[in-house]
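A.B. asks: What follows is my_file.txt; its format and atoms are compact mmCIF, C-alpha atoms and all ligand atoms.
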# COMPACT_ATOMS: atom_id res chain seq x y z
CA MET A 467 0.00 0.00 0.00
CA ALA A 468 2.87 2.35 0.77
CA ASN A 469 4.00 2.60 -2.86
CA ASP A 470 0.63 2.91 -4.54
CA GLY A 471 0.87 6.70 -4.71
CA LEU A 472 -2.52 7.14 -3.05
CA ILE A 473 -3.20 9.60 -0.26
CA ALA A 474 -2.31 8.21 3.20
CA PRO A 475 -5.25 7.39 5.50
CA HIS A 476 -6.16 9.93 8.19
CA GLY A 477 -3.53 9.63 10.93
CA GLY A 478 -1.14 7.72 8.65
CA LYS A 479 -2.52 4.20 8.48
CA LEU A 480 -5.82 2.39 8.23
CA ASN A 481 -6.99 1.41 11.67
CA GLN A 482 -9.18 -1.59 10.92
CA ARG A 483 -10.69 -2.80 14.17
CA GLU A 484 -11.78 -6.08 12.67
CA VAL A 485 -10.01 -9.27 13.64
CA THR A 486 -10.29 -12.42 11.56
CA GLY A 487 -9.44 -16.12 11.68
CA ALA A 488 -8.45 -17.71 14.98
CA ALA A 489 -8.42 -14.36 16.80
CA ALA A 490 -12.02 -13.74 15.73
CA LYS A 491 -13.06 -17.21 16.90
CA ALA A 492 -11.44 -16.67 20.29
CA LEU A 493 -13.09 -13.29 20.70
CA GLU A 494 -16.48 -14.67 19.72
CA GLU A 495 -16.05 -17.41 22.33
CA LYS A 496 -15.11 -14.83 24.97
CA ALA A 497 -18.06 -12.58 24.09
CA ARG A 498 -20.51 -15.28 25.22
CA SER A 499 -19.67 -14.74 28.87
CA LEU A 500 -19.58 -10.92 28.77
CA PRO A 501 -22.34 -8.44 29.61
CA GLN A 502 -24.20 -7.52 26.43
CA LEU A 503 -25.19 -4.20 24.90
CA ALA A 504 -27.51 -4.00 21.87
CA LEU A 505 -26.52 -1.30 19.36
CA ASN A 506 -29.02 0.89 17.51
CA SER A 507 -28.82 1.47 13.76
CA ARG A 508 -26.51 4.49 13.95
CA GLU A 509 -24.17 2.71 16.34
CA MET A 510 -24.18 -0.33 14.03
CA ALA A 511 -23.18 1.92 11.12
CA ASP A 512 -20.40 3.46 13.25
CA LEU A 513 -19.22 -0.02 14.25
CA GLU A 514 -18.89 -1.04 10.60
CA LEU A 515 -16.75 2.04 9.88
CA LEU A 516 -14.57 1.29 12.90
CA ALA A 517 -14.23 -2.32 11.69
CA ASN A 518 -13.25 -1.42 8.13
CA GLY A 519 -10.99 1.55 8.88
CA GLY A 520 -13.36 4.19 7.49
CA PHE A 521 -13.06 5.95 10.87
CA SER A 522 -9.25 5.79 11.06
CA PRO A 523 -7.52 6.71 13.32
CA LEU A 524 -10.28 6.00 15.88
CA ASP A 525 -9.99 2.69 17.69
CA GLY A 526 -13.42 2.73 19.30
CA PHE A 527 -16.21 4.92 20.57
CA MET A 528 -14.82 8.19 21.91
CA THR A 529 -13.35 8.72 25.35
CA GLN A 530 -14.10 11.89 27.28
CA ALA A 531 -10.97 13.73 26.13
CA GLN A 532 -11.68 12.85 22.51
CA TYR A 533 -15.35 13.77 22.80
CA ARG A 534 -14.69 17.16 24.41
CA SER A 535 -11.92 18.02 22.01
CA VAL A 536 -14.07 17.15 18.98
CA VAL A 537 -17.17 18.97 20.22
CA ASP A 538 -15.24 22.10 21.26
CA SER A 539 -12.45 22.33 18.70
CA MET A 540 -13.22 19.97 15.78
CA HIS A 541 -9.92 18.20 16.41
CA LEU A 542 -8.83 15.08 18.26
CA PRO A 543 -6.58 15.69 21.30
CA ASP A 544 -3.48 15.02 19.16
CA GLY A 545 -4.44 17.86 16.80
CA LEU A 546 -5.84 15.79 13.95
CA PRO A 547 -9.04 17.24 12.42
CA TRP A 548 -12.25 15.41 13.39
CA SER A 549 -15.61 17.15 13.37
CA ILE A 550 -18.32 14.73 14.54
CA PRO A 551 -18.53 12.87 17.88
CA VAL A 552 -18.62 9.08 17.50
CA THR A 553 -20.26 8.08 20.74
CA LEU A 554 -21.98 5.24 22.53
CA SER A 555 -24.61 6.14 25.11
CA VAL A 556 -25.93 3.90 27.89
CA SER A 557 -28.16 4.30 30.92
CA LYS A 558 -26.61 5.17 34.30
CA GLU A 559 -27.36 1.63 35.49
CA ASP A 560 -25.57 0.07 32.53
CA ALA A 561 -22.66 2.47 32.91
CA ASN A 562 -22.19 1.30 36.50
CA ARG A 563 -22.55 -2.31 35.46
CA PHE A 564 -20.03 -1.98 32.60
CA ALA A 565 -17.42 0.21 34.34
CA GLY A 566 -13.90 -1.12 33.79
CA LYS A 567 -15.18 -4.29 32.13
CA GLU A 568 -15.25 -5.80 28.70
CA ILE A 569 -18.67 -5.94 27.06
CA ALA A 570 -20.10 -7.68 24.01
CA MET A 571 -21.87 -5.50 21.45
CA THR A 572 -24.81 -7.11 19.70
CA ASP A 573 -27.02 -6.36 16.71
CA GLY A 574 -30.83 -6.09 16.80
CA GLU A 575 -31.16 -9.88 16.92
CA GLY A 576 -28.81 -10.36 19.86
CA ARG A 577 -25.94 -11.64 17.74
CA ALA A 578 -22.58 -10.55 19.17
CA LEU A 579 -20.32 -8.61 16.78
CA ALA A 580 -17.63 -6.94 18.85
CA VAL A 581 -15.96 -6.71 22.23
CA MET A 582 -15.29 -3.32 23.79
CA THR A 583 -13.11 -2.49 26.77
CA VAL A 584 -15.04 0.14 28.71
CA ALA A 585 -12.18 2.47 29.62
CA GLU A 586 -14.37 5.40 30.67
CA GLU A 587 -17.91 6.35 31.41
CA PHE A 588 -18.81 10.04 31.54
CA GLU A 589 -21.73 12.42 31.58
CA TYR A 590 -22.11 14.95 28.80
CA ASP A 591 -23.96 18.14 27.99
CA LYS A 592 -26.44 17.46 25.18
CA PRO A 593 -27.45 21.09 24.45
CA HIS A 594 -23.77 22.03 24.34
CA GLU A 595 -23.06 19.29 21.80
CA ALA A 596 -26.16 20.30 19.81
CA GLU A 597 -25.13 23.95 19.68
CA ASN A 598 -21.54 23.21 18.66
CA VAL A 599 -22.07 20.31 16.28
CA TYR A 600 -25.49 21.12 14.77
CA ARG A 601 -25.47 24.90 15.35
CA THR A 602 -28.94 24.67 16.88
CA THR A 603 -30.55 23.30 20.02
CA GLU A 604 -33.95 22.85 18.35
CA ASP A 605 -35.23 19.32 18.61
CA LYS A 606 -36.96 19.69 15.22
CA HIS A 607 -33.52 19.14 13.72
CA PRO A 608 -33.25 15.35 13.14
CA GLY A 609 -29.63 15.17 14.33
CA VAL A 610 -30.45 17.09 17.50
CA ALA A 611 -33.56 14.96 18.09
CA ALA A 612 -31.41 11.82 17.85
CA LEU A 613 -28.89 13.32 20.28
CA TYR A 614 -31.58 14.27 22.81
CA ALA A 615 -33.03 10.75 22.57
CA GLN A 616 -29.68 9.20 23.57
CA ASP A 617 -29.03 7.77 27.03
CA ASP A 618 -27.38 9.97 29.63
CA VAL A 619 -23.92 8.47 29.96
CA LEU A 620 -21.30 7.91 27.25
CA ILE A 621 -18.88 5.01 27.38
CA GLY A 622 -15.61 5.05 25.52
CA GLY A 623 -12.74 2.70 24.86
CA PRO A 624 -11.08 0.50 22.27
CA LEU A 625 -13.00 -2.30 20.60
CA GLN A 626 -12.42 -5.25 18.32
CA VAL A 627 -14.95 -6.48 15.82
CA PHE A 628 -15.11 -10.19 15.08
CA ALA A 629 -18.26 -10.36 12.93
CA ARG A 630 -19.86 -8.01 10.43
CA ARG A 631 -23.57 -7.34 10.31
CA THR A 632 -25.60 -10.08 8.63
CA ASP A 633 -27.97 -7.74 6.78
CA PRO A 634 -25.81 -5.37 4.73
CA THR A 635 -27.57 -3.65 1.84
CA PHE A 636 -25.79 -3.68 -1.55
CA PRO A 637 -23.13 -6.21 -0.47
CA GLU A 638 -21.63 -6.22 -3.99
CA TYR A 639 -21.06 -2.45 -3.78
CA ARG A 640 -20.02 -2.33 -0.14
CA LEU A 641 -16.26 -2.02 -0.57
CA ASP A 642 -14.06 -1.42 2.49
CA PRO A 643 -11.36 1.28 2.37
CA ALA A 644 -8.70 -1.38 1.75
CA GLN A 645 -10.75 -2.62 -1.21
CA THR A 646 -11.37 0.77 -2.82
CA ARG A 647 -7.66 1.54 -2.36
CA ALA A 648 -6.73 -1.76 -4.04
CA ALA A 649 -9.15 -0.98 -6.90
CA PHE A 650 -7.59 2.47 -7.41
CA ALA A 651 -4.06 1.03 -7.31
CA GLU A 652 -4.96 -1.64 -9.84
CA ARG A 653 -6.18 1.04 -12.24
CA GLY A 654 -3.16 3.21 -11.59
CA TRP A 655 -5.25 6.01 -10.12
CA LYS A 656 -3.51 8.38 -7.73
CA ARG A 657 -5.73 11.45 -7.75
CA VAL A 658 -9.20 10.22 -6.88
CA VAL A 659 -12.20 12.45 -6.24
CA GLY A 660 -14.95 11.36 -3.85
CA PHE A 661 -18.55 12.26 -4.59
CA GLN A 662 -21.10 12.05 -1.81
CA THR A 663 -24.81 11.97 -2.46
CA ARG A 664 -28.07 10.87 -0.99
CA ASN A 665 -30.23 12.01 -3.92
CA PRO A 666 -31.05 10.51 -7.32
CA VAL A 667 -28.49 11.53 -9.87
CA HIS A 668 -29.45 14.14 -12.45
CA ARG A 669 -27.40 15.88 -15.12
CA ALA A 670 -26.20 18.56 -12.70
CA HIS A 671 -24.48 15.84 -10.62
CA GLU A 672 -23.12 14.13 -13.72
CA TYR A 673 -21.67 17.43 -14.90
CA ILE A 674 -19.94 18.07 -11.56
CA GLN A 675 -18.56 14.51 -11.44
CA LYS A 676 -17.22 14.79 -14.96
CA ALA A 677 -15.78 18.27 -14.39
CA ALA A 678 -13.89 16.78 -11.43
CA LEU A 679 -12.86 13.77 -13.53
CA GLU A 680 -11.25 16.11 -16.05
CA ILE A 681 -8.64 17.10 -13.44
CA THR A 682 -8.26 13.77 -11.59
CA ASP A 683 -7.73 10.09 -12.45
CA GLY A 684 -11.19 8.93 -11.52
CA PRO A 685 -14.19 9.57 -9.32
CA LEU A 686 -15.36 7.34 -6.49
CA LEU A 687 -19.13 7.71 -6.61
CA HIS A 688 -19.95 6.97 -3.03
CA PRO A 689 -23.63 7.32 -2.21
CA LEU A 690 -24.82 7.03 1.32
CA VAL A 691 -27.40 4.27 1.39
CA ALA A 692 -28.42 3.98 5.04
CA GLN A 693 -32.16 4.59 4.99
CA THR A 694 -33.12 7.86 6.60
CA LYS A 695 -36.57 9.12 7.54
CA GLY A 696 -36.61 12.11 5.23
CA ASP A 697 -35.83 10.08 2.09
CA SER A 698 -38.63 10.13 -0.44
CA ILE A 699 -36.68 7.84 -2.78
CA PRO A 700 -35.46 4.43 -1.56
CA ALA A 701 -31.76 3.64 -1.75
CA GLU A 702 -32.43 0.76 -4.20
CA VAL A 703 -33.90 3.25 -6.68
CA ARG A 704 -31.05 5.70 -6.23
CA MET A 705 -28.53 2.92 -6.87
CA GLU A 706 -30.41 1.82 -9.98
CA CYS A 707 -30.20 5.40 -11.30
CA TYR A 708 -26.43 5.29 -10.83
CA LYS A 709 -26.15 1.95 -12.61
CA VAL A 710 -28.01 3.10 -15.75
CA LEU A 711 -26.12 6.40 -15.79
CA LEU A 712 -22.75 4.63 -15.62
CA GLU A 713 -23.72 2.07 -18.25
CA ASN A 714 -24.73 4.73 -20.72
CA TYR A 715 -22.66 7.83 -20.05
CA TYR A 716 -19.33 6.92 -18.40
CA PRO A 717 -16.26 5.11 -19.74
CA LYS A 718 -16.27 1.81 -17.84
CA ASP A 719 -12.80 1.95 -16.36
CA ARG A 720 -12.87 5.60 -15.38
CA VAL A 721 -15.30 5.47 -12.48
CA LEU A 722 -15.86 3.35 -9.37
CA LEU A 723 -19.30 3.03 -7.76
CA SER A 724 -19.41 1.89 -4.16
CA VAL A 725 -21.54 2.69 -1.13
CA LEU A 726 -20.66 4.38 2.14
CA PRO A 727 -22.28 2.56 5.08
CA ALA A 728 -22.42 5.71 7.25
CA ALA A 729 -25.49 7.04 9.04
CA MET A 730 -26.51 10.63 8.25
CA ARG A 731 -26.28 13.18 11.05
CA TYR A 732 -27.51 16.21 9.05
CA ALA A 733 -24.83 18.32 10.72
CA GLY A 734 -24.25 20.32 7.52
CA PRO A 735 -20.79 21.96 7.58
CA ARG A 736 -19.32 19.71 10.27
CA GLU A 737 -20.60 16.67 8.44
CA ALA A 738 -18.95 17.84 5.21
CA ILE A 739 -15.59 17.65 7.02
CA PHE A 740 -16.54 14.25 8.45
CA HIS A 741 -17.51 12.99 4.99
CA ALA A 742 -14.23 14.27 3.55
CA ILE A 743 -12.16 12.52 6.26
CA MET A 744 -13.95 9.21 5.63
CA ARG A 745 -13.30 9.52 1.88
CA LYS A 746 -9.63 10.18 2.59
CA ASN A 747 -9.58 6.81 4.36
CA TYR A 748 -11.21 5.24 1.30
CA GLY A 749 -8.30 6.61 -0.76
CA CYS A 750 -9.68 9.86 -2.19
CA SER A 751 -7.28 12.79 -2.60
CA HIS A 752 -10.13 15.18 -3.46
CA PHE A 753 -13.70 15.58 -2.29
CA ILE A 754 -16.59 17.39 -3.94
CA VAL A 755 -18.53 19.77 -1.72
CA GLY A 756 -21.64 21.23 -3.27
CA ARG A 757 -24.09 23.73 -1.92
CA ASP A 758 -25.79 22.88 1.35
CA HIS A 759 -23.85 19.64 1.83
CA ALA A 760 -25.45 17.32 4.41
CA GLY A 761 -27.83 20.04 5.49
CA VAL A 762 -31.46 19.84 6.48
CA GLY A 763 -34.20 22.49 6.56
CA ASN A 764 -32.82 26.03 6.79
CA TYR A 765 -30.29 25.42 9.55
CA TYR A 766 -27.21 26.16 7.45
CA GLY A 767 -26.21 28.82 4.97
CA THR A 768 -25.86 27.68 1.36
CA TYR A 769 -22.06 27.88 1.42
CA ASP A 770 -21.37 27.04 5.10
CA ALA A 771 -20.23 23.53 4.19
CA GLN A 772 -17.63 25.02 1.84
CA LEU A 773 -16.55 27.85 4.15
CA ILE A 774 -15.82 25.53 7.08
CA PHE A 775 -12.86 24.02 5.21
CA GLY A 776 -11.13 27.39 5.69
CA GLU A 777 -11.07 26.73 9.45
CA PHE A 778 -8.72 23.75 9.01
CA ASP A 779 -5.04 23.35 8.30
CA ALA A 780 -5.08 21.96 4.76
CA GLN A 781 -2.02 19.80 5.48
CA LYS A 782 -3.59 18.16 8.51
CA LEU A 783 -6.87 17.60 6.74
CA GLY A 784 -4.97 16.14 3.80
CA ILE A 785 -7.89 15.69 1.42
CA THR A 786 -8.52 18.63 -0.93
CA PRO A 787 -12.08 19.94 -1.19
CA LEU A 788 -13.44 20.93 -4.60
CA PHE A 789 -16.23 23.47 -4.34
CA PHE A 790 -19.06 23.52 -6.83
CA GLU A 791 -21.90 25.87 -7.58
CA HIS A 792 -25.44 24.96 -8.51
CA THR A 793 -25.28 23.75 -12.13
CA PHE A 794 -27.86 23.57 -14.94
CA TYR A 795 -28.27 23.29 -18.70
CA CYS A 796 -28.25 26.65 -20.49
CA LYS A 797 -29.99 26.82 -23.85
CA ARG A 798 -27.90 29.74 -25.08
CA CYS A 799 -24.60 28.27 -23.89
CA GLU A 800 -25.88 24.97 -25.34
CA GLY A 801 -24.36 23.01 -22.50
CA MET A 802 -24.18 22.43 -18.79
CA ALA A 803 -23.07 25.52 -16.89
CA SER A 804 -23.15 27.34 -13.57
CA SER A 805 -23.39 30.96 -12.53
CA LYS A 806 -19.59 30.92 -12.67
CA THR A 807 -19.56 30.11 -16.38
CA CYS A 808 -22.88 31.31 -17.83
CA PRO A 809 -23.90 35.00 -18.14
CA HIS A 810 -27.51 34.28 -19.17
CA GLY A 811 -30.73 34.64 -17.25
CA ALA A 812 -33.18 32.25 -15.66
CA ASP A 813 -35.25 32.05 -18.87
CA ASP A 814 -32.39 30.39 -20.72
CA ARG A 815 -31.64 27.91 -17.97
CA VAL A 816 -33.31 24.52 -17.53
CA SER A 817 -33.62 24.34 -13.78
CA LEU A 818 -36.27 22.40 -11.87
CA SER A 819 -37.18 22.38 -8.21
CA GLY A 820 -37.60 19.10 -6.37
CA THR A 821 -41.35 19.64 -6.39
CA GLN A 822 -41.40 20.15 -10.18
CA VAL A 823 -39.36 16.97 -10.70
CA ARG A 824 -41.77 15.00 -8.51
CA GLU A 825 -44.71 16.36 -10.54
CA PHE A 826 -43.19 15.12 -13.79
CA LEU A 827 -42.43 11.71 -12.35
CA SER A 828 -45.79 11.18 -10.67
CA LYS A 829 -47.52 11.87 -14.01
CA GLY A 830 -45.23 9.35 -15.69
CA VAL A 831 -43.61 12.09 -17.77
CA GLU A 832 -39.84 12.26 -18.28
CA PRO A 833 -38.39 15.61 -17.15
CA PRO A 834 -36.57 17.53 -19.95
CA HIS A 835 -33.54 15.61 -21.16
CA GLU A 836 -31.45 18.67 -20.37
CA PHE A 837 -32.33 18.00 -16.74
CA SER A 838 -32.39 14.18 -16.43
CA ARG A 839 -30.98 11.46 -18.63
CA PRO A 840 -33.94 9.52 -20.06
CA GLU A 841 -32.59 6.23 -18.66
CA VAL A 842 -32.54 7.74 -15.16
CA ALA A 843 -35.97 9.31 -15.62
CA ARG A 844 -37.42 5.91 -16.58
CA VAL A 845 -36.05 4.29 -13.42
CA LEU A 846 -37.62 7.04 -11.31
CA ILE A 847 -40.97 6.83 -13.13
CA ALA A 848 -41.07 3.06 -12.69
CA ALA A 849 -40.35 3.49 -8.98
CA GLU A 850 -43.10 6.09 -8.73
CA ARG A 851 -45.59 3.69 -10.40
CA ALA A 852 -44.58 0.84 -8.08
CA LYS A 853 -45.60 2.99 -5.11
CA VAL A 854 -49.30 3.15 -6.06
ZN ZN B 1 -25.70 30.42 -20.62
Output the file's structure as structure tokens, nothing else.
Ligand SMILES: [Zn+2]
C.D. replies:
Amino acid sequence: MANDGLIAPHGGKLNQREVTGAAAKALEEKARSLPQLALNSREMADLELLANGGFSPLDGFMTQAQYRSVVDSMHLPDGLPWSIPVTLSVSKEDANRFAGKEIAMTDGEGRALAVMTVAEEFEYDKPHEAENVYRTTEDKHPGVAALYAQDDVLIGGPLQVFARRTDPTFPEYRLDPAQTRAAFAERGWKRVVGFQTRNPVHRAHEYIQKAALEITDGPLLHPLVAQTKGDSIPAEVRMECYKVLLENYYPKDRVLLSVLPAAMRYAGPREAIFHAIMRKNYGCSHFIVGRDHAGVGNYYGTYDAQLIFGEFDAQKLGITPLFFEHTFYCKRCEGMASSKTCPHGADDRVSLSGTQVREFLSKGVEPPHEFSRPEVARVLIAAERAKV
């Protein structure tokens, strides 16, 4: 890995907390006699990223020093950038029961996946975390609501994962950081640009991906597929849109499609940094940040997720952000453009709101081809029909 020319993982090396073979068997055996803690869906997603090195350099759920440092300064105690707390909350009773012990972490069905050494248990200030991380204390914000619903004590310490979840979605696209890195190395890619999305892919996204491809070796299209409440379009449909787009409009060996198993926090700017750091671990040297990245409602300014990168030492962050404007097809330019490149007015631009797109699709009508590729539109229309 050292000579592949790819960007180094965050902190220098991939910290994969998964053990395999005989060590995994031994740990699984040991877990049977330990106190058990069932993880919720966000914690399961975090566990997978700890297992596969996507959260490098973390070696477990955060300790108090890590938590405080991240909440207050967006850096780990050793000065490495890290913007989102990765925490595990338990009740006071459980915290007392687990103190100083090893515990087994289980999935929803009671199957043990990991063993954690509970090094610390500590109380925390939820409104303070909300204000710093989400920039609001309103519980209407889904990230804040999830935080307020957590238990009152956090436990931190190193963990080892001996089994992966049994129900992963898109297993064939669920590449670990070591696997995406191997795929890039095999293709001779060194400059790789990560693209994050949780929406169906339209021509504006395609344009941005291809603009980034012009100055790099290849894009990692890395949609987030964990199902979230606000999603009107299921992850299966979004993935199908990607597949037909790649088949028809991308050179086969110039793009890699994989999925990121992370849970959304909707922390806007802070989450943009978090998303960039994860992509660095997956081997990306560059990361696309659009308008209102990872935002929700009107909690963040349109460009906040781009501006926040200015608060970090570029060397320490390592991955280079690429900032993009809202893009559209312009009839007079006769091509895709943005306000940076097109001097024309709204009348010349083919731009649709989410509501307008939904209207087209619900009537079974393809949106203008300047807006959506027909192959993508057909997938979305079929999905719309399957609903009723
Ligand atoms: Zn124009």
A.B. asks: Applying 12 Å and all atoms listed in the file, which residues near Asp633 in chain A remain after dropping the ones on its own chain fewer than 5 positions away? List them as a list in words.
C.D. replies: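 Everything that qualifies: Ser507, Met510, Ala511, Glu514, Asp573, Gly574, Glu575, Arg577, Arg640, Ala692 and Pro727 of chain A.
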A.B. asks: Output the neighbourhood of ligand ZN 1 (chain B) as a VMD selection string, that is, all protein and nucleic acid residues with some atom at most 8 Å from the ligand, counting only C-alpha atoms and all ligand atoms.
C.D. replies: chain A and resid 795 to 801 803 807 to 811 814 to 815
A.B. asks: From the set A:Pro608, A:Gly545, A:Pro593, A:Pro787, which residue has the shortest atom-to-atom contact distance to Phe661 in chain A, counting all atoms listed in the file?
C.D. replies: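 Ranking A:Pro608, A:Gly545, A:Pro593, A:Pro787 by distance to Phe661 in chain A, first place goes to A:Pro787.
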A.B. asks: Using all atoms listed in the file, which of the listed residues (A:Arg824, A:His668, A:Lys558, A:His594) sits closest to Tyr533 in chain A?
C.D. replies: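 With all atoms listed in the file as the atom set, the closest residue is A:His594.
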A.B. asks: Write out as a list in words which residues come within 10 Å of Asn747 in chain A when counting only C-alpha atoms, dropping same-chain ones fewer than 3 positions away.
C.D. replies: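 So the residues in contact are Ile473, Ala474, Pro475, His476, Gly477, Gly478, Lys479, Leu480, Asn481, Asn518, Gly519, Gly520, Phe521, Ser522, Pro523, Asp642, Pro643, Ala644, Thr646, Arg647, Ala742, Ile743, Met744, Cys750, Ser751 and Ile785 of chain A.
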A.B. asks: Keeping only C-alpha atoms, write those residues as a short mmCIF file (atom, residue, chain, number, x, y, z; two decimals), in the coordinates of the input.
C.D. replies:
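Output (selection_15.cif):
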data_model
loop_
_atom_site.label_atom_id
_atom_site.label_comp_id
_atom_site.auth_asym_id
_atom_site.auth_seq_id
_atom_site.Cartn_x
_atom_site.Cartn_y
_atom_site.Cartn_z
CA ILE A 473 -3.20 9.60 -0.26
CA ALA A 474 -2.31 8.21 3.20
CA PRO A 475 -5.25 7.39 5.50
CA HIS A 476 -6.16 9.93 8.19
CA GLY A 477 -3.53 9.63 10.93
CA GLY A 478 -1.14 7.72 8.65
CA LYS A 479 -2.52 4.20 8.48
CA LEU A 480 -5.82 2.39 8.23
CA ASN A 481 -6.99 1.41 11.67
CA ASN A 518 -13.25 -1.42 8.13
CA GLY A 519 -10.99 1.55 8.88
CA GLY A 520 -13.36 4.19 7.49
CA PHE A 521 -13.06 5.95 10.87
CA SER A 522 -9.25 5.79 11.06
CA PRO A 523 -7.52 6.71 13.32
CA ASP A 642 -14.06 -1.42 2.49
CA PRO A 643 -11.36 1.28 2.37
CA ALA A 644 -8.70 -1.38 1.75
CA THR A 646 -11.37 0.77 -2.82
CA ARG A 647 -7.66 1.54 -2.36
CA ALA A 742 -14.23 14.27 3.55
CA ILE A 743 -12.16 12.52 6.26
CA MET A 744 -13.95 9.21 5.63
CA CYS A 750 -9.68 9.86 -2.19
CA SER A 751 -7.28 12.79 -2.60
CA ILE A 785 -7.89 15.69 1.42
#
A.B. asks: Between CA of Gln530 in chain A and CA of Phe588 in chain A, what is the distance, to one decimal in Å?
C.D. replies: 6.6 Å
A.B. asks: Could you check which of A:Leu515, A:Ala565, A:Ile699, A:Ile621 is closest to Gly820 in chain A, using all atoms listed in the file?
C.D. replies: A:Ile699
A.B. asks: Which residues, written as an NGL selection string, have at least one atom at most 10 Å from range 681-688 of chain A, with only C-alpha atoms counted and residues fewer than 2 positions away on the same chain left out?
C.D. replies: :A and (639-640 or 646 or 650 or 653-664 or 675-679 or 690-691 or 708 or 719-727 or 745 or 748-754)
A.B. asks: Excluding Asn665 in chain A and its own-chain neighbours fewer than 5 positions away, which residues fall within 9 Å of it when counting only C-alpha atoms? Please give them as a PyMOL selection string.
C.D. replies: chain A and resi 689+697+699+701+704
A.B. asks: Within 12 Å of (-41.1, 10.4, -18.4), only C-alpha atoms: residues as a ChimeraX atom specification?
C.D. replies: /A:823-835,837-851
A.B. asks: Please compute the CA of Glu791 in chain A-CA of Val816 in chain A distance, one decimal, in Å.
C.D. replies: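 Computed distance, CA of Glu791 in chain A to CA of Val816 in chain A, equals 15.2 Å.
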